[in-house]
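Chemist: Could you have a look at this structure, given as C-alpha cells, before my questions?
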Amino acid sequence: MSGAQGDGAVVSHAQEPDLHIFAAIVENKFGVLARVAGLFSRRGFNIFSLAVAPTDDPAYSRITIVVDVHNTDVTQIAKQLDKLINVINISELHPSDSVERELMLARVGAVDLAAVVDVISEYGGEVLDHTDDEAIVSVSAHPDRLDRCERQLRPFGLHVLQRTGRIALRALDASEPAVGMAS
Amino acid sequence: MELTGAQALMRSLEMSGVEVMFGLPGGAILPVYDPVLDSPIRHVLVRHEQGAGHMAQGYAHVTGKPGVAMVTSGPAATNIVTPLCDAFMDSIPMVVVTGQVAMSAIGSDAFQECDTTGITMAVTKHNYLVTDAADIPRIVAEAFHIATTGRPGPVLIDLPKDISNEMMTWYWPDGVELPGYRPRSGVDPAAIAEAAALIRTAQRPVIYAGGGLLKARAAEALREFAEMCDIHVVTTLMARGVFPDRHPLCLGMPGMHGNYSAVTAMQQADLLINLGARFDDRVTGNPAHFAPGAKVIHVDIDPAEHGKVRVPDVAIVGDARLAVEALIAALRPADGSDTTAATADRSAWKSTISGWQEQYPLQYDQPSSGHPLKPQYVVEQLRDNTPDDTIVVAGVGQHQMWASQYWKFDYPYTWVNSGGLGTMGFAVPAAIGAKVGQPDRTVWAVDGDGCFQMTAQELISASAENIPVKVAILNNAYLGMVRQWQELFYAERYSEVYLSADHPDYVGWAEAMGCAGIRVESAEEVVPAITKANSIDDRPVVIDFRVDTEEKVYPMVPAGGSNDDIILGPEGDADAVLKGSAPS
Ligand SMILES: Cc1ncc(C[n+]2csc(CCOP(=O)(O)OP(=O)(O)O)c2C)c(N)n1
Ligand SMILES: [Mg+2]
C-alpha cells in the first residue's frame, strides 16, 4: 500500500498517518507516472495510495494520490507536482469536501458462505465466484468502511486481498480547494 | 522538403538560434554528426562529455543564452549527468541532445543502451525520448522554450538512432503548446503594495540578492532600488557581480564563508528582501536560528521556493526584474522627493553596519619574505592586474571561496561557478565555454589542484580550438577544503586528502596539452607571472601557484550551527567543534 519512499520521508509507524488527497490531471504520455512517482520519492513525500486511469478525454489521465503528510508542507507537494511539465493541474481534495471510493477484491474462506454474504452485504458487496470452501468477493465503499469490512472478513481467513487505492471527486456543494493550481 | 531526423535536428537547432554546441560523437549519435559538417553552428569537440556539459553551462552563464551539448548514448549520456544536475541546481538554461539505440532495440540491453530519460528525470527540468522523426522540430522548440523561460534549467532530448535516419517532412512550429507549463512572470500588485509597506517601515532592512536577479537581467533595476531605498545588499555566491562590490551599499557574500558584515546584517535584520535567492543551507546555516527577527519578502519565479525553507511574510511570484521595478514604482514618492525621508529612521543601523565593516574586514597575512605564498594574495594580485570586466570561473573548494571573497566584482556575468551542486572539475570546461561565449573578454579560471585534475584534459580541446583561457591553480597540495574540515572537526586526523604539490608536474602537463605553463613559488613572482600570462593570447595559459598548504578559509560558520557563531580566524578554531560540525 505504501509507494515510493525516500529516506527522508520515513514515517514512524507509531504515528497516525495524516492523509491528504490530491487529484492531478496529467498528459497521458509515456513516462508520466514515473515522473510523478520519482518526484514524490526524491522530495521525500510519502505516497499512501495512488490510482491512475485515463479521463473521458484519452489524451489525459486523472491521478488520485493519497499522501501521508507527516513532516511535509502540503502546499509544497502541490507546487512541486505542478512544476512537472506534463501535469496540467492539481488540487487538494479535503475529505470532508469530497466523495471517496475504493474497490476491494478478496479471496476469503467460505465454508459458511451465508455468513460471508452477511458481512459484505452490509457494505453493498457481492460474491463473484465460489467453491465449497472459498469465495471471491468484491466490495466498493469509502476506504474507512472498507477497512472495517476487511477486519470483519479476517476471521473467515483472508487468503488474498487486493485494494485499488482510493479515488475521489470534489463533492457537488464543496467550496474551491485551499491548495489548487492550474498549471 | 524531406529531411532525415538528423538533418531536422540540426536545422531545428539553427532555427532556435544556436550558434555553438559542445560535444563528442559515437555510434548512436553518428547520423547527426554528418549534418554537423554542413551546419553553420560551430561545434567544439571535447575530450570528455562532462566537459561538454560544463562548457555549455559556462557559455550560458556569460551570454544568457542556452548552452547546447550533444553526445552519444550509454556512457556518454551518463558522463553528462553531472553537468545536467549542476545546471538543474543552479537554474542554468541548457539543452542536451543524447543519442539512443534504435527504437526496436530499446529495452533489450543493447550495446551502449542506457535508460537516459529515466536516469535524468530527476536532474532535468524536462526530458524527451523522441519516438517519431516528425516530432523533432516541435520537441526542439519546446525544449528551448522550457529551458529558457520561467525558472531556467536543463532539458534533455534523447534521440534513437533509427529516428535520426527516418525521413520527415520539414516544418517549423509557430509556437509551442504546453498546457501544463505556463510560467508566471508578471507580479501581483497587492503583494507589491504589502512589500512596499514593509520596506517603508523597516529599521534594519537587508536586500538578499540571489542568482535569480542575474537570470532576470535585473542588475540595473537592483541598483536603482537599493540606492533609492538606501538599503544594503548582500550578494550570494550565485549572485556575485549583480551589485558592484565597490558600491558603498554592498556587503558582499553571506553564508558559511561569508564576511562578518553580510552574515551579521542578515542575522540582525528586521526585514530581509530576498530577490531570487532560495534560502540555501550554505547561506542560512541552521534555518531555525537564521535571521530570527526578520520579516521576509521573497521574490521568486518558482512558487515552490516560497515556504520551502522559510515561510515568507510576503511572497511575490514572478520575474525578479519586473518585481524590483514594481517595487521601485510603488516606493517612489509622487512628488519626486527623497524616498528615504518617508521611511523609518535607519541611521543607527547604518552606523552599526559601518562599525562591523571597519572592525571585521576579511583578513590574511602575506609574510613579507614572500613565503609561504598566500592564496588570498594571489587572488588579489590577479584581481588588480587584469581588466575590470575579466570573467572569473571557479572550481569548488577553498580556492572558490577565496576567489569569491577577494575578487571585486563590478559587473554582472563576470563570475561563473558551481554553487548548488559544488562540482569539482567545473572550472576548466566552464571557463572554455565562457570564453567561447565572450571571446573578447579575458577569462581566468581560479582552480584548485584537486579540481584541475578532474577535468584538465579539456585544455587540449581549448588548444585545439584556439580558445585562449587562463587558469590559475591555487596549488596547496591538498583537497584543501576537506583538509580544513578534518583539521577542525576530526582533530587533525587527515584522511586521504594529500595530493602532493609535485605530482603531477603542472607546467609539464600544461605544455603537453598545448598551453603555456608557468610556476610561481613566492610572492614576488606573482605579478610578473600574471603579466606574462595576460600577454599570451595564442594559447591557453596555466599558472601553478604553489600556495600555503595550511591556509584556511575564514570566516566560517560550522554546519548545523547558528550564523551568530561565526568564526573569524584561527583564534576561533578551538571553538569550531562546539559550534557545529563539518559540512555535509
Ligand atoms: C566531484 C566532487 N567530489 C568531491 C567533492 C568534495 N570536495 C569539496 S571541496 C574538495 C576539495 C577540493 O580540492 P581542491 O580542488 O584542491 O581545492 P582546495 O579546497 O584545495 O582549494 C572536495 C574533495 C566535490 N565537491 N566534488
Ligand atoms: Mg587544493
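Ligands are numbered from 1 in the order shown, residues from 1 within each chain, and chains are lettered A, B, ... in the order they appear in the C-alpha cells.
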Considering only C-alpha atoms and all ligand atoms, tabulate each residue of chain B that lies at most 7 Å from ligand 2 along with its nearest interatomic pair and the corresponding distance in Å to one decimal; arrange the rows by chain and ascending residue number and present them as a tab-separated table.

Modeler:
```
residue	atom	partner	partner_atom_place_in_ligand_line	distance
B:Gly448	CA	ligand 2	1 (Mg)	4.7
B:Asp449	CA	ligand 2	1 (Mg)	4.6
B:Gly450	CA	ligand 2	1 (Mg)	5.2
B:Leu474	CA	ligand 2	1 (Mg)	6.7
B:Asn475	CA	ligand 2	1 (Mg)	5.4
B:Asn476	CA	ligand 2	1 (Mg)	4.7
B:Ala477	CA	ligand 2	1 (Mg)	5.4
B:Tyr478	CA	ligand 2	1 (Mg)	4.2
B:Leu479	CA	ligand 2	1 (Mg)	4.4
B:Gly480	CA	ligand 2	1 (Mg)	4.5
```

Chemist: Which polymer residues have any atom within 12 Å of an atom of Arg493 of chain B, counting only C-alpha atoms, with same-chain residues fewer than 6 positions away left out, as a ChimeraX atom specification?

Modeler: /B:482-487

Chemist: Counting only C-alpha atoms, which residues from chain A have an atom at most 9 Å from any atom of chain B, and could you show them as number ranges by chain?

Modeler: A: 26-27, 30-31, 34-35, 38-39, 42, 73, 75-80, 82-89, 182-183

Chemist: Could you give me the residues within segment 264-507 of chain B that DSSP places in strand (DSSP E), as JSON, numbers by chain?

Modeler: {"B": [271, 272, 273, 274, 275, 295, 296, 297, 298, 299, 300, 314, 315, 316, 317, 391, 392, 393, 394, 415, 416, 443, 444, 445, 446, 447, 448, 470, 471, 472, 473, 474, 475]}

Chemist: Output N, CA, C and O atoms for every residue in that selection, as a short mmCIF file (atom, residue, chain, number, x, y, z; two decimals), in the first residue's frame.

Modeler:
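New file out_15.cif:
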```
data_model
loop_
_atom_site.label_atom_id
_atom_site.label_comp_id
_atom_site.auth_asym_id
_atom_site.auth_seq_id
_atom_site.Cartn_x
_atom_site.Cartn_y
_atom_site.Cartn_z
N LEU B 271 14.10 43.06 8.39
CA LEU B 271 13.43 42.76 7.12
C LEU B 271 14.46 42.24 6.12
O LEU B 271 15.47 42.88 5.86
N LEU B 272 14.21 41.05 5.59
CA LEU B 272 15.05 40.51 4.51
C LEU B 272 14.25 40.60 3.22
O LEU B 272 13.13 40.09 3.13
N ILE B 273 14.85 41.27 2.24
CA ILE B 273 14.19 41.39 0.94
C ILE B 273 14.91 40.41 0.02
O ILE B 273 15.96 40.71 -0.55
N ASN B 274 14.37 39.20 -0.07
CA ASN B 274 15.00 38.14 -0.85
C ASN B 274 14.58 38.28 -2.30
O ASN B 274 13.41 38.10 -2.64
N LEU B 275 15.54 38.58 -3.15
CA LEU B 275 15.26 38.75 -4.57
C LEU B 275 15.94 37.61 -5.34
O LEU B 275 17.14 37.65 -5.59
N LYS B 295 11.31 39.88 9.24
CA LYS B 295 10.20 39.59 8.34
C LYS B 295 10.84 39.31 6.98
O LYS B 295 11.95 39.76 6.70
N VAL B 296 10.11 38.60 6.14
CA VAL B 296 10.70 38.19 4.86
C VAL B 296 9.79 38.55 3.69
O VAL B 296 8.61 38.20 3.68
N ILE B 297 10.37 39.26 2.74
CA ILE B 297 9.74 39.43 1.43
C ILE B 297 10.51 38.49 0.51
O ILE B 297 11.74 38.55 0.47
N HIS B 298 9.82 37.63 -0.20
CA HIS B 298 10.52 36.66 -1.05
C HIS B 298 10.00 36.73 -2.48
O HIS B 298 8.87 36.38 -2.76
N VAL B 299 10.87 37.20 -3.37
CA VAL B 299 10.54 37.25 -4.80
C VAL B 299 11.16 36.02 -5.46
O VAL B 299 12.38 35.81 -5.36
N ASP B 300 10.35 35.21 -6.10
CA ASP B 300 10.89 34.06 -6.82
C ASP B 300 9.95 33.70 -7.96
O ASP B 300 8.73 33.74 -7.80
N VAL B 314 5.68 38.12 2.88
CA VAL B 314 5.09 38.50 1.60
C VAL B 314 5.77 37.67 0.51
O VAL B 314 6.99 37.74 0.35
N ALA B 315 4.97 36.88 -0.20
CA ALA B 315 5.51 36.07 -1.30
C ALA B 315 5.15 36.75 -2.61
O ALA B 315 4.00 37.08 -2.84
N ILE B 316 6.16 36.99 -3.42
CA ILE B 316 5.91 37.58 -4.74
C ILE B 316 6.38 36.60 -5.79
O ILE B 316 7.58 36.31 -5.89
N VAL B 317 5.43 36.08 -6.55
CA VAL B 317 5.78 35.15 -7.63
C VAL B 317 5.99 35.97 -8.89
O VAL B 317 5.15 36.79 -9.25
N ILE B 391 36.27 37.83 -16.71
CA ILE B 391 35.34 36.79 -16.25
C ILE B 391 36.13 35.79 -15.41
O ILE B 391 37.17 35.28 -15.84
N VAL B 392 35.65 35.56 -14.20
CA VAL B 392 36.34 34.67 -13.27
C VAL B 392 35.50 33.40 -13.12
O VAL B 392 34.30 33.48 -12.85
N VAL B 393 36.14 32.27 -13.28
CA VAL B 393 35.44 30.99 -13.20
C VAL B 393 36.11 30.16 -12.12
O VAL B 393 37.33 29.98 -12.15
N ALA B 394 35.34 29.66 -11.18
CA ALA B 394 35.96 28.95 -10.06
C ALA B 394 35.63 27.47 -10.08
O ALA B 394 34.60 27.05 -10.60
N TRP B 415 31.19 36.35 -13.03
CA TRP B 415 31.53 35.30 -12.06
C TRP B 415 30.76 34.05 -12.43
O TRP B 415 29.54 34.08 -12.56
N VAL B 416 31.49 32.97 -12.62
CA VAL B 416 30.87 31.71 -13.03
C VAL B 416 31.33 30.65 -12.05
O VAL B 416 32.55 30.45 -11.88
N VAL B 443 39.31 35.67 -19.73
CA VAL B 443 38.67 34.68 -18.86
C VAL B 443 39.74 33.96 -18.04
O VAL B 443 40.65 33.34 -18.58
N TRP B 444 39.64 34.11 -16.73
CA TRP B 444 40.55 33.43 -15.81
C TRP B 444 39.78 32.38 -15.01
O TRP B 444 38.78 32.70 -14.37
N ALA B 445 40.26 31.15 -15.05
CA ALA B 445 39.74 30.16 -14.11
C ALA B 445 40.62 30.22 -12.87
O ALA B 445 41.85 30.25 -12.97
N VAL B 446 39.99 30.28 -11.70
CA VAL B 446 40.73 30.12 -10.45
C VAL B 446 40.39 28.72 -9.96
O VAL B 446 39.25 28.46 -9.56
N ASP B 447 41.36 27.83 -10.04
CA ASP B 447 41.05 26.42 -9.81
C ASP B 447 41.87 25.86 -8.66
O ASP B 447 42.90 26.42 -8.28
N GLY B 448 41.40 24.74 -8.12
CA GLY B 448 42.17 24.03 -7.11
C GLY B 448 42.99 22.94 -7.78
O GLY B 448 42.68 22.52 -8.90
N LYS B 470 42.74 31.27 -19.39
CA LYS B 470 43.86 31.27 -18.46
C LYS B 470 43.43 30.60 -17.17
O LYS B 470 42.30 30.79 -16.71
N VAL B 471 44.33 29.79 -16.63
CA VAL B 471 43.99 29.04 -15.42
C VAL B 471 45.01 29.32 -14.33
O VAL B 471 46.21 29.16 -14.54
N ALA B 472 44.52 29.78 -13.19
CA ALA B 472 45.38 29.95 -12.02
C ALA B 472 45.08 28.80 -11.06
O ALA B 472 43.99 28.74 -10.51
N ILE B 473 46.02 27.89 -10.91
CA ILE B 473 45.81 26.81 -9.95
C ILE B 473 46.34 27.28 -8.60
O ILE B 473 47.53 27.61 -8.48
N LEU B 474 45.46 27.34 -7.60
CA LEU B 474 45.93 27.61 -6.25
C LEU B 474 46.32 26.25 -5.67
O LEU B 474 45.52 25.57 -5.05
N ASN B 475 47.58 25.90 -5.95
CA ASN B 475 48.05 24.55 -5.65
C ASN B 475 48.53 24.46 -4.21
O ASN B 475 49.64 24.84 -3.88
#
```

Chemist: Kindly indicate which residue among B:Leu499, B:Ile207, B:Ala69, B:Val242 lies nearest to Leu156 of chain B, using only C-alpha atoms for the distances.

Modeler: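 Among the listed residues, B:Ala69 lies closest to Leu156 of chain B.
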
Chemist: As a list in words, please: the residues near Gln366 of chain B (cut-off 10 Å, only C-alpha atoms, same-chain neighbours under 2 positions excluded).

Modeler: Gln363, Tyr364, Ser368, Ser369, Gly370, His371, Pro372, Leu373, Lys374, Pro375, Gln376, Tyr377, Val378 and Ala523 of chain B

Chemist: Just to be explicit: take each residue in the selection above, keep N, CA, C and O atoms, and write the result as a short mmCIF file (atom, residue, chain, number, x, y, z; two decimals), in the first residue's frame.

Modeler:
```cif
data_model
loop_
_atom_site.label_atom_id
_atom_site.label_comp_id
_atom_site.auth_asym_id
_atom_site.auth_seq_id
_atom_site.Cartn_x
_atom_site.Cartn_y
_atom_site.Cartn_z
N GLN B 363 40.49 39.19 6.34
CA GLN B 363 41.92 39.40 6.53
C GLN B 363 42.76 38.14 6.38
O GLN B 363 42.31 37.04 6.60
N TYR B 364 44.00 38.39 5.96
CA TYR B 364 45.01 37.35 5.87
C TYR B 364 46.33 38.08 5.95
O TYR B 364 46.39 39.31 5.88
N SER B 368 56.20 39.14 4.50
CA SER B 368 56.97 39.99 3.58
C SER B 368 58.11 39.20 2.93
O SER B 368 58.59 39.56 1.86
N SER B 369 58.51 38.11 3.56
CA SER B 369 59.56 37.29 2.95
C SER B 369 59.09 36.67 1.63
O SER B 369 59.90 36.17 0.85
N GLY B 370 57.77 36.69 1.41
CA GLY B 370 57.24 36.06 0.18
C GLY B 370 56.88 34.61 0.38
O GLY B 370 56.24 34.00 -0.47
N HIS B 371 57.27 34.04 1.51
CA HIS B 371 56.97 32.63 1.80
C HIS B 371 56.25 32.49 3.12
O HIS B 371 56.62 33.16 4.06
N PRO B 372 55.30 31.59 3.30
CA PRO B 372 54.67 30.88 2.19
C PRO B 372 53.76 31.83 1.42
O PRO B 372 53.25 32.79 1.99
N LEU B 373 53.54 31.52 0.17
CA LEU B 373 52.67 32.34 -0.67
C LEU B 373 51.22 32.10 -0.26
O LEU B 373 50.77 30.96 -0.17
N LYS B 374 50.52 33.21 0.03
CA LYS B 374 49.14 33.06 0.49
C LYS B 374 48.18 33.07 -0.72
O LYS B 374 48.28 33.92 -1.60
N PRO B 375 47.24 32.14 -0.73
CA PRO B 375 46.31 32.07 -1.85
C PRO B 375 45.48 33.35 -2.02
O PRO B 375 45.20 33.76 -3.15
N GLN B 376 45.14 33.98 -0.89
CA GLN B 376 44.35 35.21 -0.98
C GLN B 376 45.15 36.30 -1.68
O GLN B 376 44.58 37.11 -2.43
N TYR B 377 46.46 36.31 -1.44
CA TYR B 377 47.32 37.30 -2.09
C TYR B 377 47.31 37.08 -3.61
O TYR B 377 47.24 38.04 -4.39
N VAL B 378 47.35 35.83 -4.01
CA VAL B 378 47.31 35.54 -5.45
C VAL B 378 46.00 36.07 -6.06
O VAL B 378 46.02 36.72 -7.11
N ALA B 523 55.87 35.23 -3.39
CA ALA B 523 55.03 36.40 -3.64
C ALA B 523 55.60 37.30 -4.74
O ALA B 523 54.84 37.85 -5.54
#
```

Chemist: What gap, in Å, lies between atom CA of Val74 of chain A and atom CA of Ile167 of chain A?

Modeler: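 According to the coordinates, atom CA of Val74 of chain A and atom CA of Ile167 of chain A are separated by 18.7 Å.
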
Chemist: Name the residues of segment 23-114 of chain A that come out as alpha helix (DSSP H) in a backbone DSSP run; write them as a ChimeraX atom specification.

Modeler: /A:32-42,74-82,113-114

Chemist: Selected residues, C-alpha atoms, written as an mmCIF file, in the first residue's frame, please.

Modeler:
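Just written: again_37.cif:
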```
data_model
loop_
_atom_site.group_PDB
_atom_site.id
_atom_site.type_symbol
_atom_site.label_atom_id
_atom_site.label_comp_id
_atom_site.auth_asym_id
_atom_site.auth_seq_id
_atom_site.Cartn_x
_atom_site.Cartn_y
_atom_site.Cartn_z
ATOM 1 C CA VAL A 32 4.392 10.479 -16.775
ATOM 2 C CA LEU A 33 3.652 8.138 -13.892
ATOM 3 C CA ALA A 34 7.383 7.622 -13.417
ATOM 4 C CA ARG A 35 7.854 11.400 -13.249
ATOM 5 C CA VAL A 36 5.176 11.748 -10.608
ATOM 6 C CA ALA A 37 6.417 8.796 -8.561
ATOM 7 C CA GLY A 38 10.028 9.947 -8.932
ATOM 8 C CA LEU A 39 9.170 13.421 -7.751
ATOM 9 C CA PHE A 40 7.487 12.043 -4.639
ATOM 10 C CA SER A 41 10.425 9.859 -3.767
ATOM 11 C CA ARG A 42 13.129 12.472 -4.347
ATOM 12 C CA VAL A 74 1.020 20.264 1.892
ATOM 13 C CA THR A 75 1.447 23.271 -0.391
ATOM 14 C CA GLN A 76 4.984 22.133 -1.248
ATOM 15 C CA ILE A 77 3.600 18.864 -2.610
ATOM 16 C CA ALA A 78 1.168 20.667 -4.884
ATOM 17 C CA LYS A 79 3.715 23.247 -6.014
ATOM 18 C CA GLN A 80 6.437 20.719 -6.761
ATOM 19 C CA LEU A 81 3.998 18.481 -8.610
ATOM 20 C CA ASP A 82 2.770 21.437 -10.603
ATOM 21 C CA LEU A 113 -20.853 -18.767 2.640
ATOM 22 C CA ALA A 114 -24.009 -17.294 4.114
#
```

Chemist: Set the distance at 10 Å and use only C-alpha atoms: which residues neighbour Asp132 of chain A once local chain neighbours fewer than 5 positions away are removed? I'd like the list as a list in words.

Modeler: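 What passes the distance filter is Gly109, Ala110, Val111, Asp112 and Leu113 of chain A.
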
Chemist: Considering only C-alpha atoms, return as a list in words whatever protein or nucleic-acid residues lie within 9 Å of Gly23 of chain B, sequence-local ones (same chain, fewer than 3 positions apart) excluded.

Modeler: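 Listing them by chain and then by number gives His43, Val44, Leu45, Val46, Arg47, His48, Glu49, Gly51, Ala52, Gly53, Val68, Ala69, Met70, Val71 and Thr72 of chain B.
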
Chemist: To one decimal place, how far is atom CA of His142 of chain A from atom CA of Asp68 of chain A in Å?

Modeler: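 Taking atom CA of His142 of chain A as the start and atom CA of Asp68 of chain A as the end point, the length is 17.8 Å.
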
Chemist: Using only C-alpha atoms, which residues sit within 12 Å of Leu153 of chain A once same-chain residues fewer than 3 positions away are excluded, as an NGL selection string?

Modeler: :A and (104-110 or 112-113 or 115-123 or 125 or 135-139 or 146-150 or 156-161)

Chemist: Identify which of the residues B:Ala330, B:Ile199, B:Cys85, B:Ala348 lies closest to ligand 1, counting only C-alpha atoms and all ligand atoms when measuring atom-to-atom distances.

Modeler: B:Cys85

Chemist: For a quick check of understanding, using only C-alpha atoms and all ligand atoms, which of B:Arg310, B:Lys408, B:His399, B:Arg200 has the smallest distance to ligand 1?

Modeler: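 When distances to ligand 1 are compared using only C-alpha atoms and all ligand atoms, the smallest one comes from B:His399.
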
Chemist: State, in Å with one decimal place, the distance from atom 19 (O, counted along the ligand's line) of ligand 1 to atom CA of Pro254 of chain B.

Modeler: 18.9 Å

Chemist: Pick out the closest residue to ligand 1 from this set: B:Ser418, B:Ser337, B:Asn534, B:Thr120. Count only C-alpha atoms and all ligand atoms.

Modeler: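 Closest candidate: B:Ser418.
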